[in-house]
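S.K.: Structure supplied as work.cif; contents: mmCIF, C-alpha atoms.
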data_start
#
loop_
_atom_site.label_atom_id
_atom_site.label_comp_id
_atom_site.auth_asym_id
_atom_site.auth_seq_id
_atom_site.Cartn_x
_atom_site.Cartn_y
_atom_site.Cartn_z
CA MET A 1 -35.97 124.43 -152.43
CA VAL A 2 -37.63 122.36 -149.73
CA GLU A 3 -37.57 118.56 -149.85
CA GLY A 4 -36.98 118.65 -153.59
CA VAL A 5 -39.90 121.03 -154.23
CA ALA A 6 -39.13 124.38 -155.86
CA THR A 7 -40.07 127.51 -153.91
CA PRO A 8 -43.10 129.09 -155.61
CA GLU A 9 -43.07 132.62 -156.93
CA ALA A 10 -44.47 135.23 -154.55
CA VAL A 11 -47.44 136.16 -156.76
CA HIS A 12 -49.25 134.18 -159.43
CA ARG A 13 -50.94 136.16 -162.21
CA SER A 14 -52.84 134.69 -165.12
CA GLY A 15 -55.82 135.06 -167.41
CA GLY A 16 -57.80 138.04 -168.57
CA GLY A 17 -61.13 139.63 -167.73
CA GLU A 18 -62.81 140.81 -164.53
CA PRO A 19 -60.28 141.03 -161.68
CA LEU A 20 -60.24 138.18 -159.19
CA LEU A 21 -58.11 137.96 -156.05
CA LEU A 22 -57.53 134.51 -154.52
CA LEU A 23 -56.23 134.25 -150.94
CA HIS A 24 -54.85 131.05 -149.44
CA GLY A 25 -55.02 129.74 -145.88
CA VAL A 26 -52.51 129.87 -143.04
CA LEU A 27 -49.32 127.80 -143.57
CA LEU A 28 -49.99 127.34 -147.30
CA THR A 29 -49.31 129.27 -150.54
CA TRP A 30 -51.25 130.37 -153.62
CA GLN A 31 -50.56 126.88 -154.99
CA SER A 32 -53.31 125.53 -152.70
CA TRP A 33 -55.84 126.75 -155.28
CA GLY A 34 -54.62 123.98 -157.60
CA ALA A 35 -56.65 123.50 -160.76
CA VAL A 36 -59.04 126.30 -159.74
CA LEU A 37 -56.41 128.80 -160.92
CA ASP A 38 -56.46 127.69 -164.54
CA GLU A 39 -60.22 127.26 -164.62
CA LEU A 40 -60.93 130.77 -163.32
CA ALA A 41 -58.24 132.31 -165.52
CA THR A 42 -60.38 131.48 -168.57
CA GLY A 43 -62.69 134.36 -167.67
CA HIS A 44 -60.82 136.49 -165.15
CA THR A 45 -57.54 138.22 -164.52
CA VAL A 46 -56.41 136.18 -161.54
CA LEU A 47 -54.10 137.55 -158.86
CA ALA A 48 -53.07 134.91 -156.32
CA PRO A 49 -50.38 136.04 -153.89
CA THR A 50 -48.58 134.13 -151.18
CA LEU A 51 -49.17 136.00 -147.94
CA PRO A 52 -46.23 137.56 -146.08
CA GLY A 53 -44.40 135.18 -143.79
CA HIS A 54 -45.41 132.14 -145.84
CA TRP A 55 -43.23 130.00 -148.12
CA GLY A 56 -42.08 132.05 -151.10
CA GLY A 57 -43.98 135.14 -149.99
CA PRO A 58 -42.50 138.45 -148.87
CA GLU A 59 -41.09 138.87 -145.41
CA ALA A 60 -43.78 139.89 -142.95
CA ALA A 61 -43.70 143.18 -141.08
CA ARG A 62 -43.87 142.47 -137.37
CA PRO A 63 -46.10 141.94 -135.61
CA ALA A 64 -47.91 140.00 -138.32
CA THR A 65 -51.65 140.34 -137.69
CA VAL A 66 -54.74 139.61 -139.74
CA ALA A 67 -55.25 143.35 -140.21
CA ALA A 68 -51.66 143.77 -141.42
CA LEU A 69 -52.10 140.93 -143.90
CA ALA A 70 -55.30 142.59 -145.16
CA ASP A 71 -53.33 145.85 -145.53
CA HIS A 72 -50.78 143.96 -147.64
CA CYS A 73 -53.56 142.63 -149.88
CA GLU A 74 -55.00 146.12 -150.27
CA ARG A 75 -51.61 147.33 -151.45
CA LEU A 76 -51.55 144.53 -154.03
CA LEU A 77 -54.96 145.65 -155.28
CA ASP A 78 -53.70 149.23 -155.52
CA GLU A 79 -50.53 148.16 -157.34
CA SER A 80 -52.68 146.23 -159.81
CA GLY A 81 -54.83 149.30 -160.44
CA TRP A 82 -57.89 147.56 -159.00
CA ASP A 83 -60.20 149.69 -156.87
CA THR A 84 -62.30 146.57 -156.36
CA ALA A 85 -62.12 142.92 -157.36
CA HIS A 86 -64.00 139.71 -156.90
CA ILE A 87 -62.33 138.07 -153.91
CA ALA A 88 -62.24 134.47 -152.75
CA GLY A 89 -60.36 133.18 -149.74
CA ASN A 90 -59.87 129.99 -147.79
CA SER A 91 -59.32 129.72 -144.02
CA LEU A 92 -57.16 132.71 -143.00
CA GLY A 93 -57.62 133.94 -146.56
CA GLY A 94 -61.38 133.76 -146.05
CA TRP A 95 -61.14 136.06 -143.03
CA ILE A 96 -58.97 138.47 -145.04
CA ALA A 97 -61.45 138.33 -147.94
CA LEU A 98 -64.28 139.28 -145.58
CA GLU A 99 -62.17 142.08 -144.13
CA LEU A 100 -61.43 143.46 -147.59
CA ALA A 101 -65.14 143.27 -148.41
CA ALA A 102 -65.91 145.27 -145.26
CA ARG A 103 -63.34 147.84 -146.41
CA GLY A 104 -65.19 148.27 -149.70
CA ARG A 105 -62.64 146.51 -151.91
CA ALA A 106 -64.76 143.55 -153.07
CA ARG A 107 -67.28 143.20 -155.90
CA SER A 108 -68.17 139.79 -154.54
CA CYS A 109 -66.75 137.65 -151.74
CA THR A 110 -66.47 133.87 -151.46
CA ALA A 111 -65.21 132.78 -148.03
CA ILE A 112 -64.37 129.07 -147.91
CA ALA A 113 -63.98 127.56 -144.43
CA PRO A 114 -63.16 131.07 -143.20
CA ALA A 115 -61.37 131.71 -139.95
CA GLY A 116 -62.70 134.44 -137.69
CA LEU A 117 -66.40 133.62 -137.55
CA TRP A 118 -66.03 132.02 -134.13
CA ARG A 119 -68.88 130.85 -131.94
CA THR A 120 -66.76 131.78 -128.89
CA PRO A 121 -63.17 132.95 -128.31
CA ALA A 122 -62.43 129.39 -127.16
CA ALA A 123 -62.76 128.26 -130.78
CA ALA A 124 -59.75 130.38 -131.71
CA ASP A 125 -57.83 128.94 -128.77
CA SER A 126 -58.67 125.41 -129.92
CA LEU A 127 -57.34 126.14 -133.40
CA LEU A 128 -54.07 127.47 -132.00
CA ARG A 129 -53.64 124.43 -129.79
CA LYS A 130 -53.90 122.23 -132.90
CA PHE A 131 -51.16 124.16 -134.68
CA ARG A 132 -48.88 124.24 -131.65
CA ALA A 133 -49.34 120.53 -131.01
CA PHE A 134 -47.97 119.82 -134.49
CA GLY A 135 -45.24 122.45 -134.19
CA PRO A 136 -42.42 120.20 -132.91
CA LEU A 137 -43.23 117.55 -135.52
CA ILE A 138 -43.52 119.78 -138.57
CA GLY A 139 -40.79 122.22 -137.52
CA LEU A 140 -42.83 125.34 -138.11
CA GLY A 141 -40.64 128.13 -139.45
CA PRO A 142 -37.82 128.28 -142.03
CA ASP A 143 -35.13 128.00 -139.32
CA ARG A 144 -36.56 124.76 -137.88
CA ARG A 145 -36.52 121.46 -139.70
CA PRO A 146 -39.25 118.86 -139.16
CA SER A 147 -38.16 116.08 -136.85
CA MET A 148 -40.10 113.32 -138.67
CA PRO A 149 -40.37 114.35 -142.34
CA SER A 150 -41.41 110.87 -143.51
CA LEU A 151 -44.68 111.20 -141.58
CA LEU A 152 -45.58 114.69 -142.69
CA ARG A 153 -47.73 113.94 -145.69
CA SER A 154 -49.72 111.14 -144.06
CA LEU A 155 -50.37 113.29 -140.98
CA LEU A 156 -51.03 116.66 -142.58
CA LEU A 157 -52.94 115.94 -145.79
CA PRO A 158 -55.96 114.52 -143.90
CA LEU A 159 -56.18 117.88 -142.10
CA LEU A 160 -56.50 119.62 -145.47
CA ALA A 161 -58.57 117.16 -147.50
CA ASP A 162 -61.16 114.61 -146.46
CA ARG A 163 -60.00 112.37 -149.32
CA PRO A 164 -56.23 112.86 -149.57
CA ALA A 165 -55.94 110.32 -152.38
CA LEU A 166 -57.71 112.82 -154.66
CA VAL A 167 -54.97 115.42 -154.21
CA PRO A 168 -52.51 115.27 -157.12
CA ASN A 169 -49.09 114.14 -155.91
CA PRO A 170 -47.16 117.29 -156.96
CA LEU A 171 -49.73 119.44 -155.17
CA ALA A 172 -49.57 117.23 -152.08
CA LYS A 173 -45.78 117.62 -151.99
CA ALA A 174 -46.03 121.39 -152.39
CA MET A 175 -48.56 121.71 -149.56
CA THR A 176 -46.43 119.59 -147.22
CA ALA A 177 -43.36 121.67 -147.98
CA ALA A 178 -45.25 124.93 -147.50
CA ILE A 179 -46.55 123.96 -144.07
CA THR A 180 -43.04 123.56 -142.67
CA GLU A 181 -41.96 127.01 -143.87
CA CYS A 182 -44.54 129.39 -142.36
CA ALA A 183 -42.79 131.96 -140.14
CA ILE A 184 -45.70 133.86 -138.55
CA VAL A 185 -47.80 131.34 -136.64
CA ASP A 186 -46.55 132.69 -133.31
CA ASP A 187 -47.34 136.25 -134.42
CA LEU A 188 -50.87 135.34 -135.43
CA ALA A 189 -51.37 133.54 -132.12
CA GLU A 190 -50.75 136.84 -130.35
CA ASP A 191 -53.00 138.92 -132.62
CA PRO A 192 -55.33 140.82 -130.24
CA ASP A 193 -58.15 140.53 -132.78
CA LEU A 194 -57.94 136.74 -132.93
CA PRO A 195 -60.38 135.90 -130.09
CA THR A 196 -62.99 138.33 -131.43
CA GLY A 197 -62.61 137.44 -135.08
CA PHE A 198 -64.56 139.09 -137.88
CA THR A 199 -67.64 140.88 -136.58
CA ARG A 200 -68.91 142.85 -139.59
CA LEU A 201 -70.67 140.14 -141.58
CA SER A 202 -74.08 141.78 -141.18
CA GLU A 203 -72.69 144.99 -142.72
CA LEU A 204 -71.73 143.41 -146.05
CA ASP A 205 -73.93 144.50 -148.94
CA ILE A 206 -72.11 142.81 -151.82
CA PRO A 207 -72.85 139.21 -152.86
CA THR A 208 -71.09 137.03 -150.31
CA SER A 209 -70.98 133.25 -149.96
CA ILE A 210 -69.85 131.50 -146.78
CA LEU A 211 -68.99 127.89 -147.64
CA LEU A 212 -68.53 125.44 -144.78
CA PRO A 213 -67.02 122.00 -145.52
CA ASP A 214 -68.76 119.46 -143.31
CA ARG A 215 -65.66 117.21 -143.02
CA ASP A 216 -63.40 120.07 -141.93
CA ARG A 217 -60.94 118.80 -139.29
CA VAL A 218 -59.32 122.21 -138.76
CA LEU A 219 -62.45 124.36 -138.39
CA PRO A 220 -65.31 121.91 -137.93
CA PRO A 221 -68.82 123.35 -138.32
CA HIS A 222 -69.43 123.54 -134.56
CA VAL A 223 -66.78 126.26 -134.09
CA TYR A 224 -68.80 128.77 -136.10
CA ALA A 225 -71.24 131.25 -134.66
CA PRO A 226 -74.81 130.90 -135.93
CA LEU A 227 -74.65 132.46 -139.39
CA THR A 228 -77.85 134.15 -140.49
CA PRO A 229 -78.23 134.60 -144.26
CA THR A 230 -79.14 138.07 -145.48
CA ALA A 231 -80.05 139.57 -148.83
CA ALA A 232 -76.32 139.71 -149.57
CA VAL A 233 -74.88 136.80 -147.58
CA GLU A 234 -75.53 133.16 -148.42
CA VAL A 235 -74.35 130.32 -146.17
CA ARG A 236 -73.97 126.83 -147.62
CA PRO A 237 -72.40 123.54 -146.53
CA LEU A 238 -69.89 121.70 -148.67
CA PRO A 239 -70.76 118.03 -148.07
CA GLY A 240 -67.97 115.49 -147.89
CA LEU A 241 -65.09 117.97 -148.14
CA GLY A 242 -62.22 119.01 -145.89
CA HIS A 243 -60.68 122.31 -144.86
CA VAL A 244 -59.02 123.12 -148.20
CA PRO A 245 -61.70 121.77 -150.53
CA MET A 246 -60.15 123.00 -153.76
CA LEU A 247 -57.44 120.36 -153.29
CA GLU A 248 -59.95 117.54 -153.71
CA ALA A 249 -62.88 119.18 -155.55
CA PRO A 250 -61.53 121.98 -157.77
CA ASP A 251 -64.47 121.86 -160.19
CA LEU A 252 -66.98 122.37 -157.39
CA ILE A 253 -65.05 125.26 -155.85
CA THR A 254 -64.65 126.88 -159.26
CA ALA A 255 -68.42 126.63 -159.76
CA GLU A 256 -69.11 128.11 -156.32
CA ILE A 257 -66.86 131.10 -156.94
CA ARG A 258 -68.41 131.66 -160.36
CA ALA A 259 -71.89 131.49 -158.85
CA THR A 260 -71.04 134.21 -156.33
CA ILE A 261 -69.55 136.36 -159.08
CA ALA A 262 -72.66 135.82 -161.22
CA ARG A 263 -74.80 137.24 -158.42
CA ALA A 264 -72.68 140.39 -158.46
CA GLU A 265 -72.97 140.69 -162.22
CA ALA A 266 -76.72 140.14 -162.36
CA PRO A 267 -78.67 143.17 -163.66
CA ALA A 268 -80.66 143.47 -160.43
CA HIS A 269 -77.50 143.80 -158.37
CA ARG A 270 -75.80 146.17 -160.80
CA ALA A 271 -78.86 148.36 -160.71
#
With the file now loaded, output its structure as structure tokens.

M.R.:
Amino acid sequence: MVEGVATPEAVHRSGGGEPLLLLHGVLLTWQSWGAVLDELATGHTVLAPTLPGHWGGPEAARPATVAALADHCERLLDESGWDTAHIAGNSLGGWIALELAARGRARSCTAIAPAGLWRTPAAADSLLRKFRAFGPLIGLGPDRRPSMPSLLRSLLLPLLADRPALVPNPLAKAMTAAITECAIVDDLAEDPDLPTGFTRLSELDIPTSILLPDRDRVLPPHVYAPLTPTAAVEVRPLPGLGHVPMLEAPDLITAEIRATIARAEAPAHRA
């Protein structure tokens, strides 16, 4: 347990229906999907893992890279008997979702505030500087305790949600605990693919939605390369929301994921 919060299980499974894989962002866990999990489980078999090296997740093989995390998610799909699934991801999970789509494992892809779609390599450097600046305060890693735990929630929640007061208290506590326990930030900082990011967006031919919160303090809109919509890829802003928008607007994020899935299930696309 961390600060009185129970360690989450490594993988959350629920519901029944079309397969849906949900991937969380760096430092967090599957719990970051909040109420979205139960809503989507009414029509889908939901698989929501905690990524390796994150709180409650499996130990990460070293070096931990984005590609290695995508490999791990592919293995989970295989173990579930899913050749493909609808996939949604946030932040780092959004990059992994796009990577899995490029590998042919997605029926649809919803990337929410995705990492990896950088305007320039400097955008990745800026993100890493933010994490490292908070490192001494939040005690990144399970062997390092935060030096000022009483400030954690007030400092960190505004990075995740534009309106922290809307985040249910148990979820806010879980997110704060998770952030202090991530063990692979340094590994990801050395990933040779980090400066380049994800470069295969134009190749995707399955329904894909790129959702960009306009109040994102972690990956503000200006860090993204110009994103040109295609027949498959839609790009939309999320007004008034922060980096992990499902914390403060679960109904909206549920609707967005369902809308992307509906495009994949439309007769024209199936044909």

S.K.: Provide the CA of Ile184 in chain A to CA of Cys73 in chain A distance in Å, to one decimal place.

M.R.: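 Interatomic distance here is 16.3 Å.
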
S.K.: Do a neighbour search on His243 in chain A at 12 Å with only C-alpha atoms, toss out local chain neighbours closer than 2 positions, and write the hits as a count of residues only.

M.R.: 44

S.K.: Any chance you could work out the residue set of the PyMOL selection byres ((chain A and resi 230) around 10) here, as an NGL selection string?

M.R.: :A and (201-205 or 207-208 or 227-229 or 231-235)

S.K.: Which residues come within 12 Å of Ala255 in chain A, counting only C-alpha atoms, excluding same-chain residues fewer than 3 positions away, as a list in words?

M.R.: Val36, Glu39, Leu40, Thr110, Met246, Ala249, Pro250, Asp251, Leu252, Arg258, Ala259, Thr260, Ile261 and Ala262 of chain A

S.K.: Between A:Ala124, A:Val5, A:Leu194, A:Leu47, which one has atoms that come closest to Ala67 in chain A, using all atoms listed in the file?

M.R.: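 Looking at the shortest contact to Ala67 in chain A, the residue is A:Leu194.
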
S.K.: Excluding range 41-46 of chain A and its own-chain neighbours fewer than 6 positions away, which residues fall within 10 Å of it when counting only C-alpha atoms? Please give them as a list of chain:residue names.

M.R.: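 So, after excluding close chain neighbours, the residues are A:His12, A:Arg13, A:Ser14, A:Gly15, A:Gly16, A:Gly17, A:Glu18, A:Pro19, A:Leu20, A:Leu21, A:Leu22, A:Ala85, A:His86, A:Ile87, A:Arg258.
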
S.K.: Exactly which residues make up the result of the PyMOL selection byres ((chain A and resi 193) around 12) on this file, given as a list in words?

M.R.: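 Applying the expression gives Ala64, Thr65, Val66, Ala67, Ala68, Trp95, Ala115, Gly116, Leu117, Trp118, Pro121, Ala124, Asp187, Leu188, Ala189, Glu190, Asp191, Pro192, Leu194, Pro195, Thr196, Gly197, Phe198 and Thr199 of chain A.
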
S.K.: Translate the PyMOL selection byres ((chain A and resi 29) around 7), as applied to the file shown, into an explicit residue set as a ChimeraX atom specification.

M.R.: /A:24,28,30-32,50,54-55,178

S.K.: Between A:Cys109, A:Leu51, A:Leu37, A:Leu98, which residue has the minimum interatomic distance to Arg200 in chain A, considering all atoms listed in the file?

M.R.: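 When distances to Arg200 in chain A are compared using all atoms listed in the file, the smallest one comes from A:Leu98.
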
S.K.: Record the distance separating CA of Leu127 in chain A and CA of Ala177 in chain A, expressed in Å with one decimal.

M.R.: 20.7 Å

S.K.: Taking into account all atoms listed in the file, which residue in the set A:Ile206, A:Leu155, A:Met175, A:Val244 is nearest to Thr84 in chain A?

M.R.: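 Smallest separation from Thr84 in chain A among the options: A:Ile206.
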
S.K.: To test the calculation: enclose all listed atoms of range 68-72 of chain A in a box whose edges run along x, y and z, add 6 Å on each side, then state centre and edge lengths in Å to one decimal, as JSON.

M.R.:
{"center_x": -53.0, "center_y": 143.4, "center_z": -144.5, "size_x": 16.5, "size_y": 16.9, "size_z": 18.2}
